[in-house]
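J.: Encoded as C-alpha cells, here's the structure I'll be asking about.
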Amino acid sequence: MPYSILIVEDDLTFATMLKTWLGKKGFLVDTAGNSARARKQLDAQSYNLVLSDLRLPDQDGISLLAWMKEHGHQIPLIIMTGYADIQSAVQAMKNGANDYISKPVQPDVLLKKINEALQNETVIAAPSGSAPSISIAPSSNFLEGESEAARQLYNYVGLVAPTPMSVLINGASGTGKEYVAHRIHQLSKRADKPFIAIDCGSIPKELAASEFFGHVKGSFTGALNDKTGAFVEANGGTLFLDEIGNLSYEVQIQLLRALQERRIRPVGSNKEIEVNVRLISATNENLQKAIEKGNFREDLFHRINEFTLRMPSLKERQEDILLFANFFLDQANHELDRHLIGFDAAASNALQTYSWPGNLRQLKNIVKRATLLAQGSYITLTELGYELVESSCASPTSTSLSLHDEATEKKRILEALQQTGNNKSKAALLLGIDRKTLYNKLKLYNIQ
C-alpha cells in the first residue's frame with residue numbers, strides 16, 4: 001500500500017501543487033485548510049505522515065502537534081515555515097515534530113525529509129522488516145472536490161446510494177452528472193451488477209423503444225438481428241438515463257409503464273420480460289416547466305424523482321477549481337506524454353476568477369490544450385487561451401494588492417472583508433492575493 005500524507009496548508013495554490021507533486025511520487029495525499037479540519041480528518045482515517053504549515057488560520061502547527069499527542073496520533077509530523085523563524089522550528093522539534101523545512105520548499109529536500117521520517121516510523125513499527133517500497137497509487141477517473149458544495153453533494157450521494165430510491169440529478173451541462181450516477185451505483189447494493197448509461201438526447205424517436213426494450217429480428221425495417229435493450233442489459237443493476245427531458249411524449253408513456261410494472265416487451269415480440277433496475281436520471285432543464293408546457297408527463301416526473309440531487313456549477317465551488325485543474329493536468333500529461341508540473345501564479349489566478357460557463361468539461365478541455373501548447377514546466381496564462389486572458393485582464397482580482405501607502409492598503413482589505421462577510425478566502429480572491437499574504441497583512445495592520 002502507498003504511504004498516505006495529510007497536508008495541512010491554507011494556501012490553496014501551494015497545497016494543490018504540493019498534493020499533485022507528491023501524488024506523482026506515489027503517495028496518497030489529502031489536504032486540510034486549517035487545524036480544525038485536520039483534526040477531523042485525523043480522527044476519521046489513518047495517515048502515515050502529517051506535513052503542516054507553521055502558521056494556520058485558526059491555530060499553529062505546534063498546537064496541532066500537541067493535539068495529536070493528546071489524542072494518541074503517534075505519527076510523524078514535518079513543519080513547514082515561511083517565516084525563517086529558527087526559534088519556532090526549534091520549538092516545534094522540542095514538542096515532538098520530526099523535522100522542519102523552510103519555504104520556499106525545495107522538492108528534493110522535502111522528499112528526502114519525508115522518506116527519512118517514514119523510514120524511521122517504519123523501523124519503530126516493524127523493526128524486523130525492511131521499509132516497504134513506495135508504489136504508485138492507482139489513478140481515479142474523477143475527483144470529487146473539497147469545497148463545501150462538493151462535501152454536501154457527496155454526503156447526499158452517500159445517504160441515497162444504499163437505498164432503492166429513484167434519483168434525479170439536476171445540473172448544467174459539464175458538471176459531472178454521469179460520474180455522480182456511477183458513484184451512486186458503486187455505493188449501492190447493486191454495485192456488482194451492470195451500470196448501463198443511455199444518452200436520451202442522441203436517440204432518434206423511432207429507435208427509442210428498441211434502445212430501451214430491445215427488438216426481435218424482422219420487427220421493423222433494418223432489424224436484421226435480435227437486439228437486447230438497455231432494461232435487460234441493466235437487469236439487477238442500475239440504468240442511467242442522461243438528459244431524460246429529451247424523450248418524446250410517446251416514449252415517456254412506454255418508460256413509465258416499464259418502471260411501474262417492472263416488465264418490458266421487446267419491439268415485435270409478444271413475450272414480456274421481468275426486469276429489476278434502479279433508475280437514475282439526469283437533466284439540465286427544469287422538468288416542472290416542461291410539465292407546465294405539456295412536454296413532460298407529471299406522473300413520470302414523480303416516478304423518477306424520489307430523491308433529487310442538484311449539481312453545483314464550477315463557479316460555485318471555487319475552492320475546487322485548482323484541484324480539478326491539476327487533476328486534469330495529470331490526465332493530460334499521461335495522455336499526451338508530457339511532464340508539466342503545474343500552473344504559474346497568473347494562470348492559477350485566471351483559473352480561479354474565470355466564470356466557467358462550460359463547467360468541468362470546459363476546464364478539462366482547456367487544460368488539455370494548454371498541456372499540449374506549454375513550452376516550459378508550468379502552464380502560463382498564454383496557453384490557457386484568449387477567454388481566460390481577457391477575463392483575467394477585465395477582472396478586478398487581476399490587480400494585486402501592492403499599493404503606494406499603508407492607509408489605502410488597509411482600507412481595501414477592510415472593504416474586501418466587509419463585502420465577503422469576513423470570509424478571508426473570498427476576500428483574498430477579491431484582492432488578487434493568496435490567503436497567506438492576506439493573513440500577514442491582517443497581522444501587520446492588527447485587523448481582527
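How things are named: the first chain in the C-alpha cells is A, the next is B, and so on; residues count from 1 in each chain; ligands count from 1 in the order shown.
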Can you list, as JSON, numbers by chain, every protein, DNA or RNA residue that comes within 12 Å of Gln331 in chain A when you count only C-alpha atoms, leaving out same-chain residues fewer than 5 positions away?

T.: {"A": [20, 24, 139, 140, 141, 142, 143, 324, 325, 326, 336, 337, 338, 339, 340, 364, 365, 367, 368, 369, 371, 372]}

J.: Based on DSSP run over this structure's backbone, return all residues of range 89-279 of chain A in strand (DSSP E or B), as a list in words.

T.: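 So the strand (DSSP E or B) residues in range 89-279 of chain A would be Asp99, Tyr100, Ile101, Ser102, Val167, Leu168, Ile169, Asn170, Phe195, Ile196, Ala197, Ile198, Asp199, Gly214, His215, Lys227, Thr228, Thr238, Leu239, Phe240, Leu241, Asp242, Arg263, Ile264, Val267, Ile273, Glu274, Arg278 and Leu279 of chain A.
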
J.: Output N, CA and C atoms for every residue in the selection just made, as a PDB file, in the first residue's frame.

T.:
ATOM      1  N   ASP A  99      10.704  16.927  11.955  1.00  0.00           N
ATOM      2  CA  ASP A  99      11.618  17.752  11.182  1.00  0.00           C
ATOM      3  C   ASP A  99      10.900  19.028  10.791  1.00  0.00           C
ATOM      4  N   TYR A 100      11.628  19.933  10.163  1.00  0.00           N
ATOM      5  CA  TYR A 100      11.002  21.128   9.612  1.00  0.00           C
ATOM      6  C   TYR A 100      11.680  21.455   8.291  1.00  0.00           C
ATOM      7  N   ILE A 101      10.975  22.219   7.472  1.00  0.00           N
ATOM      8  CA  ILE A 101      11.524  22.653   6.186  1.00  0.00           C
ATOM      9  C   ILE A 101      11.078  24.083   5.933  1.00  0.00           C
ATOM     10  N   SER A 102      11.985  24.884   5.405  1.00  0.00           N
ATOM     11  CA  SER A 102      11.684  26.292   5.165  1.00  0.00           C
ATOM     12  C   SER A 102      11.077  26.489   3.787  1.00  0.00           C
ATOM     13  N   VAL A 167     -33.403   8.340  -8.435  1.00  0.00           N
ATOM     14  CA  VAL A 167     -32.720   9.619  -8.210  1.00  0.00           C
ATOM     15  C   VAL A 167     -32.743  10.447  -9.483  1.00  0.00           C
ATOM     16  N   LEU A 168     -33.060  11.722  -9.344  1.00  0.00           N
ATOM     17  CA  LEU A 168     -32.985  12.675 -10.451  1.00  0.00           C
ATOM     18  C   LEU A 168     -31.841  13.645 -10.162  1.00  0.00           C
ATOM     19  N   ILE A 169     -30.885  13.697 -11.069  1.00  0.00           N
ATOM     20  CA  ILE A 169     -29.731  14.587 -10.919  1.00  0.00           C
ATOM     21  C   ILE A 169     -29.947  15.786 -11.823  1.00  0.00           C
ATOM     22  N   ASN A 170     -30.019  16.962 -11.220  1.00  0.00           N
ATOM     23  CA  ASN A 170     -30.283  18.178 -11.978  1.00  0.00           C
ATOM     24  C   ASN A 170     -29.048  19.061 -11.975  1.00  0.00           C
ATOM     25  N   PHE A 195     -23.977  -1.367 -14.782  1.00  0.00           N
ATOM     26  CA  PHE A 195     -24.360   0.048 -14.837  1.00  0.00           C
ATOM     27  C   PHE A 195     -24.453   0.402 -16.314  1.00  0.00           C
ATOM     28  N   ILE A 196     -25.664   0.695 -16.788  1.00  0.00           N
ATOM     29  CA  ILE A 196     -25.886   0.981 -18.201  1.00  0.00           C
ATOM     30  C   ILE A 196     -26.332   2.440 -18.349  1.00  0.00           C
ATOM     31  N   ALA A 197     -25.597   3.194 -19.167  1.00  0.00           N
ATOM     32  CA  ALA A 197     -25.904   4.611 -19.382  1.00  0.00           C
ATOM     33  C   ALA A 197     -26.463   4.820 -20.785  1.00  0.00           C
ATOM     34  N   ILE A 198     -27.545   5.577 -20.885  1.00  0.00           N
ATOM     35  CA  ILE A 198     -28.181   5.896 -22.164  1.00  0.00           C
ATOM     36  C   ILE A 198     -28.303   7.418 -22.286  1.00  0.00           C
ATOM     37  N   ASP A 199     -27.825   7.970 -23.396  1.00  0.00           N
ATOM     38  CA  ASP A 199     -27.985   9.400 -23.667  1.00  0.00           C
ATOM     39  C   ASP A 199     -29.284   9.599 -24.425  1.00  0.00           C
ATOM     40  N   GLY A 214     -35.334  -3.346 -26.547  1.00  0.00           N
ATOM     41  CA  GLY A 214     -34.830  -4.337 -27.477  1.00  0.00           C
ATOM     42  C   GLY A 214     -35.821  -4.622 -28.591  1.00  0.00           C
ATOM     43  N   HIS A 215     -35.451  -5.486 -29.522  1.00  0.00           N
ATOM     44  CA  HIS A 215     -36.371  -5.880 -30.583  1.00  0.00           C
ATOM     45  C   HIS A 215     -35.997  -7.268 -31.078  1.00  0.00           C
ATOM     46  N   LYS A 227     -32.066  -7.734 -30.789  1.00  0.00           N
ATOM     47  CA  LYS A 227     -31.305  -6.742 -30.018  1.00  0.00           C
ATOM     48  C   LYS A 227     -31.764  -6.757 -28.574  1.00  0.00           C
ATOM     49  N   THR A 228     -30.807  -6.775 -27.662  1.00  0.00           N
ATOM     50  CA  THR A 228     -31.112  -6.696 -26.237  1.00  0.00           C
ATOM     51  C   THR A 228     -31.199  -5.229 -25.838  1.00  0.00           C
ATOM     52  N   THR A 238     -28.163  -0.913 -12.401  1.00  0.00           N
ATOM     53  CA  THR A 238     -28.607   0.483 -12.470  1.00  0.00           C
ATOM     54  C   THR A 238     -28.708   0.935 -13.914  1.00  0.00           C
ATOM     55  N   LEU A 239     -29.806   1.601 -14.242  1.00  0.00           N
ATOM     56  CA  LEU A 239     -29.991   2.202 -15.563  1.00  0.00           C
ATOM     57  C   LEU A 239     -29.929   3.721 -15.403  1.00  0.00           C
ATOM     58  N   PHE A 240     -28.989   4.339 -16.118  1.00  0.00           N
ATOM     59  CA  PHE A 240     -28.821   5.790 -16.051  1.00  0.00           C
ATOM     60  C   PHE A 240     -29.308   6.416 -17.353  1.00  0.00           C
ATOM     61  N   LEU A 241     -30.321   7.275 -17.248  1.00  0.00           N
ATOM     62  CA  LEU A 241     -30.882   7.964 -18.408  1.00  0.00           C
ATOM     63  C   LEU A 241     -30.469   9.429 -18.368  1.00  0.00           C
ATOM     64  N   ASP A 242     -29.499   9.765 -19.198  1.00  0.00           N
ATOM     65  CA  ASP A 242     -28.996  11.136 -19.243  1.00  0.00           C
ATOM     66  C   ASP A 242     -29.878  11.986 -20.142  1.00  0.00           C
ATOM     67  N   ARG A 263     -41.829  -4.786 -16.106  1.00  0.00           N
ATOM     68  CA  ARG A 263     -41.860  -5.715 -17.233  1.00  0.00           C
ATOM     69  C   ARG A 263     -41.646  -4.913 -18.516  1.00  0.00           C
ATOM     70  N   ILE A 264     -40.963  -5.534 -19.465  1.00  0.00           N
ATOM     71  CA  ILE A 264     -40.785  -4.882 -20.758  1.00  0.00           C
ATOM     72  C   ILE A 264     -41.110  -5.890 -21.856  1.00  0.00           C
ATOM     73  N   VAL A 267     -39.638  -4.853 -28.991  1.00  0.00           N
ATOM     74  CA  VAL A 267     -40.401  -4.479 -30.179  1.00  0.00           C
ATOM     75  C   VAL A 267     -40.545  -5.709 -31.087  1.00  0.00           C
ATOM     76  N   ILE A 273     -40.787  -9.613 -20.499  1.00  0.00           N
ATOM     77  CA  ILE A 273     -39.614  -9.992 -19.706  1.00  0.00           C
ATOM     78  C   ILE A 273     -39.637  -9.207 -18.401  1.00  0.00           C
ATOM     79  N   GLU A 274     -39.486  -9.898 -17.282  1.00  0.00           N
ATOM     80  CA  GLU A 274     -39.421  -9.216 -15.976  1.00  0.00           C
ATOM     81  C   GLU A 274     -38.039  -8.577 -15.815  1.00  0.00           C
ATOM     82  N   ARG A 278     -32.608  -0.227 -10.987  1.00  0.00           N
ATOM     83  CA  ARG A 278     -32.687   1.014 -10.223  1.00  0.00           C
ATOM     84  C   ARG A 278     -32.458   2.147 -11.218  1.00  0.00           C
ATOM     85  N   LEU A 279     -33.353   3.115 -11.241  1.00  0.00           N
ATOM     86  CA  LEU A 279     -33.286   4.178 -12.232  1.00  0.00           C
ATOM     87  C   LEU A 279     -32.645   5.436 -11.650  1.00  0.00           C
TER      88      LEU A 279
END

J.: List as a PyMOL selection string the protein and nucleic acid residues near Asp10 in chain A, meaning an atom at most 7 Å away when only C-alpha atoms are counted, but skip any in the same chain fewer than 4 places from it.

T.: chain A and resi 33-34+56+435

J.: Distance table requested - range 145-247 of chain A against range 355-359 of chain A, cut-off 10 Å, only C-alpha atoms: one row per qualifying residue with the closest atom pair and its distance in Å to one decimal, ordered by chain and rising residue number, as a Markdown table.

T.:
| residue | atom | partner | partner_atom | distance |
| --- | --- | --- | --- | --- |
| A:Ala172 | CA | A:Asn359 | CA | 8.0 |
| A:Ser173 | CA | A:Gly358 | CA | 6.9 |
| A:Gly174 | CA | A:Asn359 | CA | 5.2 |
| A:Thr175 | CA | A:Asn359 | CA | 5.6 |
| A:Gly176 | CA | A:Asn359 | CA | 8.7 |

J.: Would you list the contacts of Arg257 in chain A as a list in words, taking every protein, DNA or RNA residue within 12 Å and counting only C-alpha atoms, but skipping same-chain residues closer than 6 positions in sequence?

T.: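 The residues that qualify are Phe213, Glu250, Val251, Arg263, Ile264, Arg265, Asp299, Leu300 and Arg303 of chain A.
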
J.: Can you pull out the residues contacting Lys441 in chain A? Cut-off 10 Å, using only C-alpha atoms, and skip same-chain residues under 5 positions away; I want them as a compact mmCIF listing (two decimals) with N, CA and C atoms, in the first residue's frame.

T.:
# COMPACT_ATOMS: atom_id res chain seq x y z
N GLU A 409 -3.98 50.58 1.53
CA GLU A 409 -3.96 49.11 1.55
C GLU A 409 -4.87 48.57 2.65
N LYS A 410 -4.78 49.14 3.83
CA LYS A 410 -5.62 48.71 4.95
C LYS A 410 -7.10 48.95 4.64
N ILE A 413 -8.38 46.27 2.27
CA ILE A 413 -8.54 45.00 2.97
C ILE A 413 -9.84 44.99 3.77
N ARG A 435 -4.14 33.62 0.34
CA ARG A 435 -4.59 33.75 1.73
C ARG A 435 -3.43 33.99 2.69
N LYS A 436 -2.30 33.39 2.40
CA LYS A 436 -1.15 33.58 3.28
C LYS A 436 -0.76 35.05 3.35
N ASN A 446 -3.01 44.73 12.31
CA ASN A 446 -3.76 44.41 13.54
C ASN A 446 -5.27 44.40 13.27
N ILE A 447 -5.64 43.78 12.17
CA ILE A 447 -7.06 43.67 11.81
C ILE A 447 -7.56 42.32 12.31

J.: Neighbours of Glu146 in chain A within 10 Å (only C-alpha atoms; same-chain residues fewer than 4 positions away dropped), as a PyMOL selection string?

T.: chain A and resi 30-33+150-152+317-321+323

J.: Check the DSSP output for the backbone and give back, as a PyMOL selection string, the residues of range 144-230 of chain A in alpha helix (DSSP H).

T.: chain A and resi 148-160+177-186+208-213+230

J.: Extract, using only C-alpha atoms, all DNA, RNA and protein residues at most 9 Å from Ile366 in chain A, discarding same-chain residues fewer than 4 positions from it, and format them as an NGL selection string.

T.: :A and (361-362 or 370-371 or 383-385)

J.: Selected residues, C-alpha atoms, written as a compact mmCIF listing (two decimals), in the first residue's frame, please.

T.:
# COMPACT_ATOMS: atom_id res chain seq x y z
CA ARG A 361 -15.91 19.76 -19.28
CA GLN A 362 -14.66 23.18 -20.40
CA ALA A 370 -2.68 24.13 -22.59
CA THR A 371 -0.70 20.99 -21.70
CA GLU A 383 -1.53 28.77 -23.06
CA LEU A 384 -4.93 28.94 -21.33
CA GLY A 385 -6.45 30.78 -24.27

J.: Here is a test: counting only C-alpha atoms, which residue of A:Pro76, A:Ser248, A:Leu329, A:Leu187 is nearest to Leu207 in chain A?

T.: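 Nearest to Leu207 in chain A: A:Ser248.
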
J.: With distances taken over only C-alpha atoms, which residue among A:Gln254, A:Ala345, A:Lys177, A:Met68 lies nearest Asn284 in chain A?

T.: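 When distances to Asn284 in chain A are compared using only C-alpha atoms, the smallest one comes from A:Lys177.
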
J.: Could you work out how far CA of Val8 in chain A lies from CA of Leu438 in chain A, giving the answer in Å with one decimal?

T.: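 Computing the Euclidean distance for CA of Leu438 in chain A and CA of Val8 in chain A yields 17.6 Å.
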
J.: Can you measure CA of Ser202 in chain A to CA of Phe231 in chain A for me? One decimal in Å is fine.

T.: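 Straight-line distance from CA of Ser202 in chain A to CA of Phe231 in chain A works out to 17.4 Å.
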
J.: With only C-alpha atoms as the atoms that count, which of A:Ala290, A:Leu6, A:Ala181, A:Val109 lies nearest to Lys40 in chain A?

T.: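 Answer, going by the shortest atom-to-atom distance: A:Leu6.
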
J.: Pick the closest to Tyr154 in chain A from A:Ala38, A:Ile75, A:Ala347, A:Val180: which is it, counting only C-alpha atoms?

T.: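 Distance minimum relative to Tyr154 in chain A lands on A:Val180.
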